[in-house]
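One file, protein_6.csv, is given below (CSV, C-alpha atoms).
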```csv
chain,number,residue,atom,x,y,z
A,1,MET,CA,193.8,102.3,112.0
A,2,THR,CA,190.6,102.9,114.0
A,3,THR,CA,191.0,102.7,117.7
A,4,PRO,CA,188.5,100.1,119.2
A,5,ARG,CA,185.8,101.6,121.4
A,6,PRO,CA,185.8,100.5,125.1
A,7,ALA,CA,183.2,97.9,126.0
A,8,MET,CA,180.1,99.4,127.6
A,9,ILE,CA,178.5,96.0,128.2
A,10,GLY,CA,180.4,92.9,129.0
A,11,LEU,CA,178.9,89.4,129.4
A,12,GLU,CA,181.2,86.7,130.8
A,13,GLN,CA,180.1,83.1,130.8
A,14,LEU,CA,176.5,84.2,131.3
A,15,THR,CA,174.2,81.2,131.8
A,16,LYS,CA,170.5,80.7,132.5
A,17,ARG,CA,169.1,77.3,133.6
A,18,TYR,CA,165.5,76.9,134.3
A,19,PRO,CA,164.4,74.3,136.9
A,20,GLY,CA,163.3,71.0,135.3
A,21,GLN,CA,165.1,71.8,131.9
A,22,ASP,CA,167.9,69.5,130.8
A,23,GLU,CA,169.5,72.2,128.6
A,24,PRO,CA,170.3,75.8,129.6
A,25,ALA,CA,168.3,78.6,127.9
A,26,VAL,CA,171.6,80.5,127.6
A,27,ARG,CA,174.9,78.6,127.8
A,28,SER,CA,178.2,80.3,128.8
A,29,LEU,CA,177.8,83.4,126.7
A,30,ASP,CA,180.7,85.8,126.3
A,31,LEU,CA,179.9,89.1,124.5
A,32,GLU,CA,181.2,92.7,124.5
A,33,VAL,CA,179.2,95.6,123.2
A,34,PRO,CA,181.4,98.7,122.4
A,35,GLU,CA,180.3,102.1,123.6
A,36,GLY,CA,177.9,104.0,121.3
A,37,GLU,CA,177.1,101.0,119.1
A,38,ILE,CA,173.9,99.1,118.3
A,39,CYS,CA,174.5,95.3,118.8
A,40,VAL,CA,171.7,93.2,117.3
A,41,LEU,CA,170.9,89.8,118.7
A,42,VAL,CA,169.3,87.7,115.9
A,43,GLY,CA,168.5,84.1,115.6
A,44,PRO,CA,165.7,81.5,115.2
A,45,SER,CA,162.7,81.6,117.6
A,46,GLY,CA,163.5,80.1,121.0
A,47,CYS,CA,167.3,80.5,120.7
A,48,GLY,CA,167.5,82.6,123.8
A,49,LYS,CA,168.1,86.1,122.5
A,50,THR,CA,165.3,87.8,124.5
A,51,THR,CA,166.4,85.8,127.6
A,52,THR,CA,170.0,87.1,127.1
A,53,MET,CA,168.8,90.7,126.8
A,54,LYS,CA,166.6,90.5,129.9
A,55,MET,CA,169.5,89.2,131.9
A,56,ILE,CA,171.4,92.4,131.2
A,57,ASN,CA,169.0,94.4,133.3
A,58,ARG,CA,168.1,91.4,135.4
A,59,ILE,CA,164.4,91.1,134.6
A,60,ILE,CA,165.6,87.5,134.4
A,61,GLU,CA,168.3,86.6,136.9
A,62,PRO,CA,171.2,84.7,135.5
A,63,THR,CA,172.1,81.3,137.0
A,64,SER,CA,175.8,82.1,136.7
A,65,GLY,CA,178.3,84.4,135.0
A,66,VAL,CA,179.1,88.1,135.2
A,67,ILE,CA,177.4,91.2,133.8
A,68,ARG,CA,179.5,94.3,133.5
A,69,LEU,CA,178.3,97.8,132.7
A,70,GLU,CA,181.0,100.4,132.0
A,71,GLY,CA,183.5,97.9,133.5
A,72,GLU,CA,181.5,97.5,136.8
A,73,ASP,CA,180.3,94.1,137.9
A,74,VAL,CA,176.5,94.6,138.4
A,75,THR,CA,175.6,90.9,138.7
A,76,THR,CA,174.6,91.4,142.4
A,77,ALA,CA,173.7,95.1,142.4
A,78,PRO,CA,170.2,96.0,143.5
A,79,PRO,CA,168.0,95.4,140.4
A,80,ASP,CA,166.0,98.5,140.8
A,81,GLU,CA,169.0,100.7,140.8
A,82,LEU,CA,170.5,98.8,137.8
A,83,ARG,CA,167.3,99.3,135.7
A,84,ARG,CA,167.3,103.0,136.3
A,85,ARG,CA,170.6,103.1,134.4
A,86,ILE,CA,169.1,101.3,131.4
A,87,GLY,CA,166.4,102.3,129.0
A,88,TYR,CA,164.0,99.6,128.0
A,89,VAL,CA,161.8,99.5,124.9
A,90,ILE,CA,159.6,96.5,124.1
A,91,GLN,CA,157.4,95.4,121.1
A,92,GLN,CA,154.2,95.9,123.1
A,93,ILE,CA,155.4,99.3,124.1
A,94,GLY,CA,153.9,99.0,127.6
A,95,LEU,CA,152.6,102.6,128.1
A,96,PHE,CA,150.4,103.1,131.1
A,97,PRO,CA,146.9,103.7,129.6
A,98,HIS,CA,145.6,105.8,132.5
A,99,LEU,CA,148.6,108.2,132.4
A,100,THR,CA,149.1,111.1,130.0
A,101,ILE,CA,151.9,111.0,127.5
A,102,ALA,CA,153.9,113.4,129.7
A,103,ASP,CA,153.3,111.3,132.8
A,104,ASN,CA,154.4,108.2,130.9
A,105,ILE,CA,157.7,109.7,129.8
A,106,ALA,CA,158.2,111.2,133.3
A,107,THR,CA,158.0,107.7,135.0
A,108,VAL,CA,161.8,107.2,135.7
A,109,PRO,CA,162.7,110.9,136.4
A,110,ARG,CA,160.0,110.9,139.1
A,111,LEU,CA,161.4,107.7,140.6
A,112,LEU,CA,164.7,109.4,140.7
A,113,LYS,CA,163.0,112.4,142.4
A,114,TRP,CA,163.8,115.0,139.8
A,115,LYS,CA,162.4,118.4,140.4
A,116,SER,CA,159.2,119.1,138.5
A,117,ASP,CA,160.6,121.9,136.4
A,118,ARG,CA,163.5,119.6,135.3
A,119,THR,CA,161.1,116.8,134.6
A,120,LYS,CA,158.7,118.9,132.5
A,121,ALA,CA,161.6,120.4,130.5
A,122,ARG,CA,162.9,116.8,129.8
A,123,VAL,CA,159.5,115.6,128.7
A,124,ASP,CA,159.2,118.5,126.2
A,125,GLU,CA,162.7,118.0,125.0
A,126,LEU,CA,162.1,114.3,124.3
A,127,LEU,CA,158.8,114.9,122.6
A,128,ASP,CA,160.5,117.3,120.3
A,129,LEU,CA,163.4,114.9,119.8
A,130,VAL,CA,161.0,112.1,118.5
A,131,GLY,CA,159.2,114.5,116.3
A,132,MET,CA,156.0,115.1,118.3
A,133,ASP,CA,154.9,118.6,119.2
A,134,PRO,CA,154.8,118.9,123.0
A,135,SER,CA,151.9,121.3,123.0
A,136,THR,CA,149.9,118.8,120.9
A,137,TYR,CA,150.8,115.5,122.5
A,138,ARG,CA,151.8,116.3,126.1
A,139,ASP,CA,148.4,115.9,127.6
A,140,ARG,CA,147.0,113.2,125.4
A,141,TYR,CA,146.5,109.5,126.4
A,142,PRO,CA,148.1,106.5,124.7
A,143,LYS,CA,144.7,105.4,123.2
A,144,GLU,CA,144.6,108.7,121.3
A,145,LEU,CA,147.8,107.8,119.4
A,146,SER,CA,148.6,105.6,116.4
A,147,GLY,CA,150.8,102.5,116.9
A,148,GLY,CA,153.8,104.3,115.4
A,149,GLN,CA,153.3,107.3,117.7
A,150,ARG,CA,153.0,105.1,120.8
A,151,GLN,CA,156.2,103.4,119.8
A,152,ARG,CA,157.9,106.8,119.6
A,153,ILE,CA,156.7,107.6,123.1
A,154,GLY,CA,158.1,104.2,124.3
A,155,VAL,CA,161.5,105.3,123.0
A,156,ALA,CA,161.1,108.7,124.6
A,157,ARG,CA,160.3,107.1,127.9
A,158,ALA,CA,163.3,104.9,127.7
A,159,LEU,CA,165.5,107.9,127.1
A,160,ALA,CA,164.0,110.0,129.9
A,161,ALA,CA,166.7,109.7,132.5
A,162,ASP,CA,169.4,109.8,129.7
A,163,PRO,CA,170.7,106.3,130.4
A,164,PRO,CA,173.9,105.3,128.7
A,165,ILE,CA,172.5,101.9,127.7
A,166,MET,CA,169.2,100.9,126.0
A,167,LEU,CA,167.7,97.5,125.5
A,168,MET,CA,165.2,97.1,122.7
A,169,ASP,CA,163.2,93.9,122.3
A,170,GLU,CA,161.7,93.8,118.8
A,171,PRO,CA,160.7,97.4,119.3
A,172,PHE,CA,159.1,97.9,115.8
A,173,GLY,CA,157.6,94.5,115.4
A,174,ALA,CA,154.0,95.5,116.3
A,175,VAL,CA,153.6,98.2,113.7
A,176,ASP,CA,152.7,97.9,110.0
A,177,PRO,CA,155.6,97.6,107.4
A,178,ILE,CA,155.4,101.2,106.3
A,179,ALA,CA,155.4,102.6,109.8
A,180,ARG,CA,158.2,100.2,110.7
A,181,GLU,CA,160.5,101.5,107.9
A,182,LYS,CA,159.8,105.0,109.0
A,183,LEU,CA,160.5,104.3,112.7
A,184,GLN,CA,163.7,102.5,111.9
A,185,ASN,CA,164.9,105.4,109.8
A,186,GLU,CA,163.9,107.9,112.5
A,187,PHE,CA,165.7,105.9,115.2
A,188,LEU,CA,168.9,105.6,113.2
A,189,ARG,CA,168.8,109.4,112.7
A,190,LEU,CA,168.2,109.8,116.4
A,191,GLN,CA,171.0,107.5,117.3
A,192,GLU,CA,173.5,109.7,115.4
A,193,ASP,CA,172.6,112.5,118.0
A,194,ILE,CA,172.3,110.5,121.2
A,195,GLY,CA,175.0,107.8,120.6
A,196,LYS,CA,173.6,105.3,123.1
A,197,THR,CA,174.9,101.8,123.6
A,198,ILE,CA,172.1,99.5,122.5
A,199,VAL,CA,171.3,95.8,122.6
A,200,PHE,CA,168.6,95.2,120.0
A,201,VAL,CA,166.7,91.9,119.6
A,202,THR,CA,165.0,90.9,116.4
A,203,HIS,CA,164.1,87.7,114.5
A,204,ASP,CA,164.4,89.5,111.2
A,205,ILE,CA,167.8,89.4,109.5
A,206,ASP,CA,167.0,92.3,107.2
A,207,GLU,CA,166.2,94.5,110.2
A,208,ALA,CA,169.4,93.3,111.9
A,209,ILE,CA,171.4,94.2,108.8
A,210,LYS,CA,169.8,97.7,108.7
A,211,MET,CA,170.0,98.6,112.4
A,212,GLY,CA,173.2,96.9,113.7
A,213,ASP,CA,176.7,98.2,113.9
A,214,ARG,CA,177.4,94.6,114.9
A,215,ILE,CA,175.3,91.5,114.7
A,216,ALA,CA,175.4,88.4,116.9
A,217,VAL,CA,173.9,85.5,115.0
A,218,LEU,CA,172.8,83.0,117.7
A,219,ARG,CA,172.3,79.3,117.6
A,220,GLU,CA,170.2,77.5,120.2
A,221,HIS,CA,171.1,78.3,123.9
A,222,SER,CA,172.4,81.7,122.7
A,223,VAL,CA,175.6,80.2,121.4
A,224,ILE,CA,177.2,82.7,119.1
A,225,ALA,CA,177.6,81.4,115.5
A,226,GLN,CA,179.1,84.7,114.3
A,227,PHE,CA,179.6,88.1,115.9
A,228,ASP,CA,180.7,90.7,113.3
A,229,THR,CA,179.7,93.7,111.3
A,230,PRO,CA,176.8,93.3,108.9
A,231,GLU,CA,179.1,93.7,105.9
A,232,ARG,CA,181.3,90.8,107.1
A,233,ILE,CA,178.4,88.6,107.9
A,234,LEU,CA,176.9,89.1,104.4
A,235,SER,CA,180.2,88.7,102.6
A,236,ASP,CA,181.8,86.0,104.7
A,237,PRO,CA,179.3,83.9,106.8
A,238,ALA,CA,181.1,81.9,109.4
A,239,ASP,CA,179.4,78.6,108.5
A,240,ASP,CA,176.4,76.9,106.8
A,241,PHE,CA,174.2,77.9,109.7
A,242,VAL,CA,174.9,81.6,109.3
A,243,ALA,CA,174.6,81.4,105.5
A,244,GLU,CA,171.3,79.6,105.7
A,245,PHE,CA,170.0,82.1,108.3
A,246,ILE,CA,170.9,85.0,106.0
A,247,GLY,CA,169.2,83.3,103.2
A,248,SER,CA,169.5,83.9,99.5
A,249,GLY,CA,169.9,87.3,98.0
A,250,ALA,CA,173.0,88.5,100.0
A,251,SER,CA,173.7,91.0,97.2
A,252,LEU,CA,170.2,92.5,97.5
A,253,LYS,CA,170.5,92.5,101.3
A,254,ARG,CA,173.6,94.7,100.9
A,255,LEU,CA,171.3,97.4,99.8
A,256,GLY,CA,170.0,97.4,103.3
A,257,LEU,CA,173.5,98.5,104.5
A,258,ALA,CA,173.7,101.4,102.1
A,259,ARG,CA,172.3,104.8,102.9
A,260,VAL,CA,170.7,107.1,100.3
A,261,ARG,CA,172.9,109.9,101.4
A,262,ASP,CA,176.1,108.1,100.5
A,263,PHE,CA,175.5,107.9,96.8
A,264,ALA,CA,175.1,110.4,94.0
A,265,LEU,CA,171.4,111.1,93.3
A,266,ALA,CA,169.8,111.3,90.0
A,267,GLU,CA,168.8,114.7,88.6
A,268,TRP,CA,165.2,115.0,87.7
A,269,PRO,CA,163.5,118.0,86.0
A,270,VAL,CA,161.9,120.2,88.6
A,271,SER,CA,159.8,123.4,88.5
A,272,SER,CA,158.1,125.6,91.0
A,273,LEU,CA,154.3,125.7,91.1
A,274,ALA,CA,154.6,129.5,91.3
A,275,ASP,CA,156.4,129.6,87.9
A,276,GLY,CA,153.4,128.2,86.0
A,277,HIS,CA,152.8,125.9,83.1
A,278,GLU,CA,155.4,127.3,80.7
A,279,ALA,CA,158.3,126.9,83.1
A,280,ALA,CA,157.3,123.4,83.9
A,281,ILE,CA,157.0,122.5,80.2
A,282,ALA,CA,160.4,124.1,79.5
A,283,ALA,CA,162.0,122.1,82.4
A,284,LEU,CA,160.6,118.9,81.0
A,285,GLN,CA,161.7,119.7,77.4
A,286,ARG,CA,165.3,120.1,78.7
A,287,SER,CA,165.4,116.5,79.9
A,288,ASP,CA,164.6,113.1,78.6
A,289,ALA,CA,162.4,112.3,81.6
A,290,GLY,CA,158.7,111.6,81.2
A,291,SER,CA,157.6,113.8,84.0
A,292,VAL,CA,158.5,117.0,85.8
A,293,LEU,CA,158.5,117.3,89.6
A,294,LEU,CA,156.5,120.2,90.8
A,295,LEU,CA,157.7,121.9,94.0
A,296,ASP,CA,155.9,124.4,96.4
A,297,ALA,CA,157.4,127.6,97.7
A,298,SER,CA,159.4,125.7,100.3
A,299,ARG,CA,160.8,123.3,97.6
A,300,ARG,CA,158.6,120.5,99.0
A,301,PRO,CA,157.6,118.0,96.3
A,302,VAL,CA,153.9,118.2,95.5
A,303,ARG,CA,153.0,116.7,92.0
A,304,TRP,CA,154.4,114.7,89.2
A,305,ALA,CA,153.2,116.1,85.8
A,306,ASP,CA,153.8,114.6,82.3
A,307,ARG,CA,153.5,116.4,79.0
A,308,GLN,CA,149.8,115.5,78.7
A,309,ALA,CA,149.0,116.9,82.2
A,310,LEU,CA,150.9,120.1,81.4
A,311,SER,CA,149.1,120.6,78.1
A,312,ARG,CA,145.9,121.7,79.8
A,313,PRO,CA,146.6,125.3,81.1
A,314,SER,CA,143.1,125.5,82.4
A,315,VAL,CA,144.0,122.9,85.1
A,316,PRO,CA,146.0,124.5,88.0
A,317,LEU,CA,149.4,122.9,88.5
A,318,GLU,CA,148.3,122.1,92.1
A,319,ARG,CA,145.9,119.6,90.5
A,320,ALA,CA,148.0,118.6,87.5
A,321,GLY,CA,149.3,115.1,87.1
A,322,MET,CA,149.4,113.0,90.2
A,323,PRO,CA,150.6,113.5,93.8
A,324,VAL,CA,154.1,112.5,95.0
A,325,THR,CA,153.8,109.5,97.2
A,326,ALA,CA,157.2,107.7,97.0
A,327,ILE,CA,159.4,109.9,99.3
A,328,VAL,CA,162.5,108.9,101.4
A,329,GLU,CA,165.0,110.9,103.5
A,330,PRO,CA,168.8,110.6,103.2
A,331,HIS,CA,168.9,108.2,106.2
A,332,ALA,CA,166.8,105.7,104.3
A,333,THR,CA,168.5,102.6,102.9
A,334,LEU,CA,168.7,101.9,99.3
A,335,ALA,CA,166.6,98.8,100.0
A,336,GLY,CA,163.9,101.0,101.4
A,337,ALA,CA,164.2,103.3,98.4
A,338,LEU,CA,163.9,100.4,96.0
A,339,ASP,CA,160.8,99.2,97.9
A,340,ALA,CA,159.3,102.6,97.6
A,341,MET,CA,160.2,102.7,93.9
A,342,VAL,CA,157.9,99.7,93.3
A,343,SER,CA,154.9,102.0,94.1
A,344,SER,CA,156.2,104.9,92.1
A,345,ARG,CA,154.5,105.3,88.7
A,346,VAL,CA,157.4,107.5,87.3
A,347,GLY,CA,160.3,105.1,88.2
A,348,GLY,CA,161.9,107.4,90.7
A,349,VAL,CA,161.8,108.0,94.5
A,350,VAL,CA,162.0,111.6,95.8
A,351,VAL,CA,164.6,112.3,98.4
A,352,VAL,CA,163.9,115.2,100.9
A,353,ASP,CA,165.7,116.7,103.8
A,354,GLY,CA,164.4,117.0,107.4
A,355,ARG,CA,162.2,119.9,106.4
A,356,GLY,CA,160.7,118.0,103.5
A,357,ALA,CA,162.6,120.0,100.9
A,358,TYR,CA,163.7,118.3,97.6
A,359,ILE,CA,167.3,117.1,97.5
A,360,GLY,CA,167.3,114.7,94.5
A,361,THR,CA,165.9,111.4,93.2
A,362,VAL,CA,166.7,107.7,93.4
A,363,ASP,CA,166.1,105.8,90.3
A,364,MET,CA,167.2,102.4,88.9
A,365,GLY,CA,170.4,104.0,87.6
A,366,VAL,CA,171.4,105.0,91.2
A,367,ILE,CA,170.5,101.5,92.5
A,368,MET,CA,172.5,99.7,89.9
A,369,ALA,CA,175.5,102.0,90.3
A,370,ALA,CA,175.4,101.5,94.1
A,371,ALA,CA,175.1,97.7,93.7
A,372,GLU,CA,178.1,97.6,91.4
A,373,THR,CA,180.1,99.7,93.8
A,374,MET,CA,179.3,97.4,96.7
A,375,ARG,CA,179.9,94.3,94.7
A,376,ALA,CA,183.3,95.5,93.7
A,377,ALA,CA,184.1,96.5,97.3
A,378,ALA,CA,183.1,93.1,98.6
A,379,HIS,CA,185.1,91.3,95.9
A,380,GLU,CA,188.2,93.4,96.7
A,381,LYS,CA,187.8,92.7,100.4
A,382,ALA,CA,187.4,89.0,99.7
A,383,LEU,CA,190.6,89.0,97.6
A,384,GLY,CA,192.4,90.9,100.4
A,385,GLY,CA,191.3,88.4,103.0
A,386,SER,CA,192.3,85.5,100.9
A,387,SER,CA,195.7,87.0,100.3
A,388,ARG,CA,196.2,87.6,104.1
A,389,ASP,CA,195.1,84.1,104.8
A,390,HIS,CA,197.6,82.7,102.3
A,391,GLU,CA,200.4,84.8,103.7
A,392,ALA,CA,199.5,83.7,107.3
A,393,ALA,CA,199.6,80.0,106.2
A,394,GLN,CA,203.2,80.3,104.8
A,395,PRO,CA,206.0,79.1,107.1
A,396,ASP,CA,208.3,81.8,108.6
A,397,ARG,CA,211.4,81.7,106.4
A,398,ARG,CA,213.5,84.1,108.4
```
Take the structure in this file and express it as structure tokens.
Amino acid sequence: MTTPRPAMIGLEQLTKRYPGQDEPAVRSLDLEVPEGEICVLVGPSGCGKTTTMKMINRIIEPTSGVIRLEGEDVTTAPPDELRRRIGYVIQQIGLFPHLTIADNIATVPRLLKWKSDRTKARVDELLDLVGMDPSTYRDRYPKELSGGQRQRIGVARALAADPPIMLMDEPFGAVDPIAREKLQNEFLRLQEDIGKTIVFVTHDIDEAIKMGDRIAVLREHSVIAQFDTPERILSDPADDFVAEFIGSGASLKRLGLARVRDFALAEWPVSSLADGHEAAIAALQRSDAGSVLLLDASRRPVRWADRQALSRPSVPLERAGMPVTAIVEPHATLAGALDAMVSSRVGGVVVVDGRGAYIGTVDMGVIMAAAETMRAAAHEKALGGSSRDHEAAQPDRR
């Protein structure tokens, strides 16, 4: 049996009433967020989820109730001191346009009066952590970065003083869908290393399912309709409100819970560019696939080539066939892989490691096998729950 983690954040009867409003924005909310987990607040627009999150670091002051961090009541603590213990990432990012990337990241360490050497080392460490070369990006300004890069810097700035808690208010909502998927995957990989306690606000149930260890589905006034794991919310919604909010296609949504790394990948014929046409043709002939995947010297995928493309030895393999565009990493969800597969002209998505080297392939066979595994697991869990409920309902005959 897994030992429950201690609560890092505890909200007790937390309430916010605005003057002139008949109903509270947040009504008597009780919520505990275990240490090291991502708790996602999700619900319809105007339900109070952002207000709830902003009360945790008292950007919005609660009308009543208690906020506990690591067991300590911080409801009346000095707000500035409280906020320095909490990282904060917002959709609009909020970088200071007149400051360099390094100075943006260093904002809180300087407020905490860190020594310059320590601050500089932390800035470079964080740039490396979010996948941005310090020597390239340290002295640039926000306007010189893409939306996705600015969002990474926003995450780095929130992590600068190594806070145990992070608040993230629709952090990936301002970027395009492709960048959003990549940022989500990168952040989940990062979370495995940093293990922060995170309250994450989104209006998107698919994002909640992907990102959350636990999800709080909120009604109006931040009343909790269900607070549970993504698996339980999908397989056993608490009521019609939750079921309607999840929407149709719960089975498909379960693919958003499954990581590529957790399933057996498909084998695809591969060949090295350096080995030439004959080796590529031989690899293709040993399989029933329609194309061979060509890899460079570092085993990074470069081209897909079919028999027709390989039949012209005068065309270098580096230009044969078509480029590989559908690529995911092991942290990606099967839903993300399926989405990428739609754009793949060979019916498969290439899986690569952190260095970009080929690991395997996701095709429809992998997706179908995974879906059947998850369906069977959900069915078994439902039967187990029904059995326990039946036993609990029986009178004690001792």
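Between atom CA of Leu167 of chain A and atom CA of Ile198 of chain A the separation is 5.7 Å.
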- [ ] Could you tell me which of A:Gly20, A:Ile165, A:Arg214, A:His277 comes closest to Ser314 of chain A if we count only C-alpha atoms?
- [x]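 Under the stated criterion, the closest residue is A:His277.
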- [ ] Work out how far apart atom CA of Arg261 of chain A and atom CA of Glu170 of chain A are and give it in Å to one decimal.
- [x] 26.2 Å
Open item on the list: Could you tell me how far atom CA of Glu72 of chain A sits from atom CA of Ala7 of chain A, in Å to one decimal place?
Closed with: 10.9 Å
For a cutoff of 9 Å around the file-coordinate point (172.8, 110.8, 101.2), which residues qualify once you count only C-alpha atoms? I'd like the result as a PDB file with C-alpha atoms, in the frame of the given file.
```
ATOM      1  CA  ARG A 259     172.300 104.800 102.900  1.00  0.00           C
ATOM      2  CA  VAL A 260     170.700 107.100 100.300  1.00  0.00           C
ATOM      3  CA  ARG A 261     172.900 109.900 101.400  1.00  0.00           C
ATOM      4  CA  ASP A 262     176.100 108.100 100.500  1.00  0.00           C
ATOM      5  CA  PHE A 263     175.500 107.900  96.800  1.00  0.00           C
ATOM      6  CA  ALA A 264     175.100 110.400  94.000  1.00  0.00           C
ATOM      7  CA  LEU A 265     171.400 111.100  93.300  1.00  0.00           C
ATOM      8  CA  GLU A 329     165.000 110.900 103.500  1.00  0.00           C
ATOM      9  CA  PRO A 330     168.800 110.600 103.200  1.00  0.00           C
ATOM     10  CA  HIS A 331     168.900 108.200 106.200  1.00  0.00           C
ATOM     11  CA  ALA A 332     166.800 105.700 104.300  1.00  0.00           C
ATOM     12  CA  VAL A 351     164.600 112.300  98.400  1.00  0.00           C
TER      13      VAL A 351
END
```
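The shortest atom-to-atom distance to Gln226 of chain A, with all atoms listed in the file taken into account, belongs to A:Gly43 out of A:Gly348, A:Gly336, A:Gly43, A:Gly276.
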TODO: For Ala266 of chain A, list every protein, DNA or RNA residue within 9 Å, evaluated using only C-alpha atoms, and leave out those in the same chain fewer than 3 positions away; present the list as a PyMOL selection string.
DONE: chain A and resi 348+360-363+365-366
Open item on the list: My list of candidates is A:Arg312, A:Leu69, A:Arg140, A:Pro44. Which is closest to Glu244 of chain A when distances are computed with all atoms listed in the file?
Closed with: A:Pro44
Open item on the list: From the options A:Leu273, A:Leu234, A:Leu252, A:Ala340, which residue's atoms come nearest to Met368 of chain A, counting all atoms listed in the file?
Closed with: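 The answer is A:Leu252, which sits nearest to Met368 of chain A.
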Can you build me a table of segment 121-238 of chain A residues sitting at most 8 Å from segment 91-114 of chain A, with the closest atom pair per residue and its distance in Å to one decimal, using all atoms listed in the file, sorted by chain and residue number, as JSON lines?
```
{"residue": "A:Val123", "atom": "CA", "partner": "A:Ala102", "partner_atom": "CA", "distance": 6.1}
{"residue": "A:Tyr137", "atom": "CA", "partner": "A:Ile101", "partner_atom": "CA", "distance": 6.8}
{"residue": "A:Arg138", "atom": "CA", "partner": "A:Ala102", "partner_atom": "CA", "distance": 5.1}
{"residue": "A:Asp139", "atom": "CA", "partner": "A:Thr100", "partner_atom": "CA", "distance": 5.4}
{"residue": "A:Arg140", "atom": "CA", "partner": "A:Thr100", "partner_atom": "CA", "distance": 5.5}
{"residue": "A:Tyr141", "atom": "CA", "partner": "A:Thr100", "partner_atom": "CA", "distance": 4.7}
{"residue": "A:Pro142", "atom": "CA", "partner": "A:Pro97", "partner_atom": "CA", "distance": 5.8}
{"residue": "A:Lys143", "atom": "CA", "partner": "A:Pro97", "partner_atom": "CA", "distance": 7.0}
{"residue": "A:Arg150", "atom": "CA", "partner": "A:Ile93", "partner_atom": "CA", "distance": 7.1}
{"residue": "A:Gln151", "atom": "CA", "partner": "A:Ile93", "partner_atom": "CA", "distance": 6.0}
{"residue": "A:Ile153", "atom": "CA", "partner": "A:Ile105", "partner_atom": "CA", "distance": 7.1}
{"residue": "A:Gly154", "atom": "CA", "partner": "A:Ile93", "partner_atom": "CA", "distance": 5.6}
{"residue": "A:Ala156", "atom": "CA", "partner": "A:Ile105", "partner_atom": "CA", "distance": 6.3}
{"residue": "A:Arg157", "atom": "CA", "partner": "A:Ile105", "partner_atom": "CA", "distance": 4.1}
{"residue": "A:Ala158", "atom": "CA", "partner": "A:Ile105", "partner_atom": "CA", "distance": 7.7}
{"residue": "A:Ala160", "atom": "CA", "partner": "A:Ile105", "partner_atom": "CA", "distance": 6.3}
{"residue": "A:Ala161", "atom": "CA", "partner": "A:Pro109", "partner_atom": "CA", "distance": 5.7}
{"residue": "A:Asp169", "atom": "CA", "partner": "A:Gln91", "partner_atom": "CA", "distance": 6.1}
{"residue": "A:Glu170", "atom": "CA", "partner": "A:Gln91", "partner_atom": "CA", "distance": 5.1}
{"residue": "A:Pro171", "atom": "CA", "partner": "A:Gln91", "partner_atom": "CA", "distance": 4.3}
{"residue": "A:Phe172", "atom": "CA", "partner": "A:Gln91", "partner_atom": "CA", "distance": 6.1}
{"residue": "A:Gly173", "atom": "CA", "partner": "A:Gln91", "partner_atom": "CA", "distance": 5.8}
{"residue": "A:Ala174", "atom": "CA", "partner": "A:Gln91", "partner_atom": "CA", "distance": 5.9}
```
Output of the above residues as a PDB file, in the frame of the given file, restricted to C-alpha atoms:
```
ATOM      1  CA  VAL A 123     159.500 115.600 128.700  1.00  0.00           C
ATOM      2  CA  TYR A 137     150.800 115.500 122.500  1.00  0.00           C
ATOM      3  CA  ARG A 138     151.800 116.300 126.100  1.00  0.00           C
ATOM      4  CA  ASP A 139     148.400 115.900 127.600  1.00  0.00           C
ATOM      5  CA  ARG A 140     147.000 113.200 125.400  1.00  0.00           C
ATOM      6  CA  TYR A 141     146.500 109.500 126.400  1.00  0.00           C
ATOM      7  CA  PRO A 142     148.100 106.500 124.700  1.00  0.00           C
ATOM      8  CA  LYS A 143     144.700 105.400 123.200  1.00  0.00           C
ATOM      9  CA  ARG A 150     153.000 105.100 120.800  1.00  0.00           C
ATOM     10  CA  GLN A 151     156.200 103.400 119.800  1.00  0.00           C
ATOM     11  CA  ILE A 153     156.700 107.600 123.100  1.00  0.00           C
ATOM     12  CA  GLY A 154     158.100 104.200 124.300  1.00  0.00           C
ATOM     13  CA  ALA A 156     161.100 108.700 124.600  1.00  0.00           C
ATOM     14  CA  ARG A 157     160.300 107.100 127.900  1.00  0.00           C
ATOM     15  CA  ALA A 158     163.300 104.900 127.700  1.00  0.00           C
ATOM     16  CA  ALA A 160     164.000 110.000 129.900  1.00  0.00           C
ATOM     17  CA  ALA A 161     166.700 109.700 132.500  1.00  0.00           C
ATOM     18  CA  ASP A 169     163.200  93.900 122.300  1.00  0.00           C
ATOM     19  CA  GLU A 170     161.700  93.800 118.800  1.00  0.00           C
ATOM     20  CA  PRO A 171     160.700  97.400 119.300  1.00  0.00           C
ATOM     21  CA  PHE A 172     159.100  97.900 115.800  1.00  0.00           C
ATOM     22  CA  GLY A 173     157.600  94.500 115.400  1.00  0.00           C
ATOM     23  CA  ALA A 174     154.000  95.500 116.300  1.00  0.00           C
TER      24      ALA A 174
END
```
Open item on the list: Applying 7 Å and all atoms listed in the file, which residues near Val175 of chain A remain after dropping the ones on its own chain fewer than 4 positions away? List them as a PyMOL selection string.
Closed with: chain A and resi 147-148+179-180
Writer output for current selection, C-alpha atoms, as a PDB file, in the coordinates of the input:
```pdb
ATOM      1  CA  GLY A 147     150.800 102.500 116.900  1.00  0.00           C
ATOM      2  CA  GLY A 148     153.800 104.300 115.400  1.00  0.00           C
ATOM      3  CA  ALA A 179     155.400 102.600 109.800  1.00  0.00           C
ATOM      4  CA  ARG A 180     158.200 100.200 110.700  1.00  0.00           C
TER       5      ARG A 180
END
```
Open item on the list: Taking all atoms listed in the file into account, name the residue in A:Pro301, A:Pro62, A:Gly10, A:Gly131 that is nearest to Leu190 of chain A.
Closed with: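 Of all the options, A:Gly131 lies closest to Leu190 of chain A.
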